[in-house]
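Colleague: Have a look at this one.
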Amino acid sequence: MLDACAELVDEVGYEGLTTTLLAERAEVAIGSVYQFFPDKRAIVQALTLRTMESYLQRLDERFSSDDLTHWWDGVDAAIDEYISMHRTVPGFRTLHFGDVVDLHLLDDQRDNNGVIAEQLARVLTERFGLAGVPDLRFHLEVAVEAADALIKLAFRRRTDGDERVLVEAKALIREYLHRQVNAPTEAVHQG
């Protein structure tokens, strides 16, 4: 049912999605849909959670490779995976991490991009030892919001993503985070 939901969201958007359409596409009785999901929001929430888990798994795979030697390689990998999912994962381009439906779809207390920033902070800290960076999660929230907006712009301009915008987005995020992450160590070396 989640695969059918992803296809339908790409075709008709979230607003056009109905449980009846989903049942028809998934070739199940409408009662089967309601057995697992009370409404279309719950279906999209399950799809979004699956997508986030896939994103984090893809990041874990990238981060476990020896190709990433600096924290900015990890940030680039996170952005590259996000772009790749826009291009290849059904439903992602429309739903992203659920912000189209509800800014708090992934977590009642934090907005969706805040959840992603927290996960990125965890992965970057584990892989690159960034635990000593003050306000890392805050800076990653700013970076995730900026990257998200610019990547959406790139995909509005071109269906496969405007490469110029994507290159600029990565440069902007990298420069911003470089100032935040390296500032504490540079201040120590200068003092």
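Chain labels follow the order of the structure tokens: the first chain is A, the next B, and so on; residue numbering restarts at 1 in every chain, and ligands are counted from 1 in their shown order.
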Could you give me, as a list in words, the residues within 7 Å of segment 80-91 of chain A, counting only C-alpha atoms and dropping anything in the same chain fewer than 2 positions from it?
Modeller: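 Counting only the stated atoms, we get Ala6, Glu7, Val9, Asp10, Asp76, Ala77, Ala78, Arg93, Thr94, Leu95 and Asp160 of chain A.
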Colleague: Choose the residue, out of A:Val28, A:Met52, A:Leu150, A:Met1, that has the smallest atom-to-atom separation from Asp162 of chain A; count only C-alpha atoms.
Modeller: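 Using only C-alpha atoms, Asp162 of chain A sits closest to A:Leu150.
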Colleague: Can you list, as a list of chain:residue names, every protein, DNA or RNA residue that comes within 12 Å of Ala29 of chain A when you count only C-alpha atoms, leaving out same-chain residues fewer than 6 positions away?
Modeller: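 Counting only C-alpha atoms, the residues come to A:Met1, A:Thr19, A:Thr20, A:Leu21, A:Leu22, A:Ala23, A:Gln35, A:Phe36.
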Colleague: Ranking A:Phe92, A:Leu153, A:Lys170, A:Asn182 by minimum distance to Ser54 of chain A and counting only C-alpha atoms, which one comes first?
Modeller: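 Nearest candidate to Ser54 of chain A out of A:Phe92, A:Leu153, A:Lys170, A:Asn182: A:Phe92.
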Colleague: Give me, as a list in words, all polymer residues having an atom no more than 8 Å from segment 138-149 of chain A, counting only C-alpha atoms and skipping those fewer than 5 positions away in the same chain.
Modeller: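 Using only C-alpha atoms, the neighbours found are Ile79, Asn113, Gly114, Ile116, Ala117, Glu118, Leu120, Ala121, Ala169, Lys170, Ile173, Tyr176, Leu177 and Gln180 of chain A.
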Colleague: One decimal, in Å: what's the spacing between atom CA of Val115 of chain A and atom CA of Tyr55 of chain A?
Modeller: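 Answer for the atom CA of Val115 of chain A to atom CA of Tyr55 of chain A separation: 12.4 Å.
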Colleague: What's the separation between atom CA of Arg156 of chain A and atom CA of Glu15 of chain A, in Å to one decimal place?
Modeller: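 Separating atom CA of Arg156 of chain A from atom CA of Glu15 of chain A is a distance of 18.5 Å.
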Colleague: Just asking: which residues within segment 35-181 of chain A are helix (DSSP H, G or I) according to DSSP, as an NGL selection string?
Modeller: :A and (35-36 or 40-64 or 71-88 or 92-95 or 112-128 or 130-132 or 136-157 or 163-181)
Colleague: Looking at A:Arg164, A:Val181, A:Arg58, A:Arg25, which one is nearest to Pro134 of chain A, with distances taken over only C-alpha atoms?
Modeller: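 Residue with the minimum atom-to-atom distance to Pro134 of chain A: A:Val181.
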Colleague: One decimal, Å: what's the distance from atom CA of Leu136 of chain A over to atom CA of Arg122 of chain A, could you say?
Modeller: 9.8 Å
Colleague: Let me make sure I understand: among A:Thr159, A:Val44, A:Leu56, A:Glu175, which one has the smallest atom-to-atom distance to Leu17 of chain A if we use only C-alpha atoms?
Modeller: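 Between A:Thr159, A:Val44, A:Leu56, A:Glu175, the residue approaching Leu17 of chain A most closely is A:Val44.
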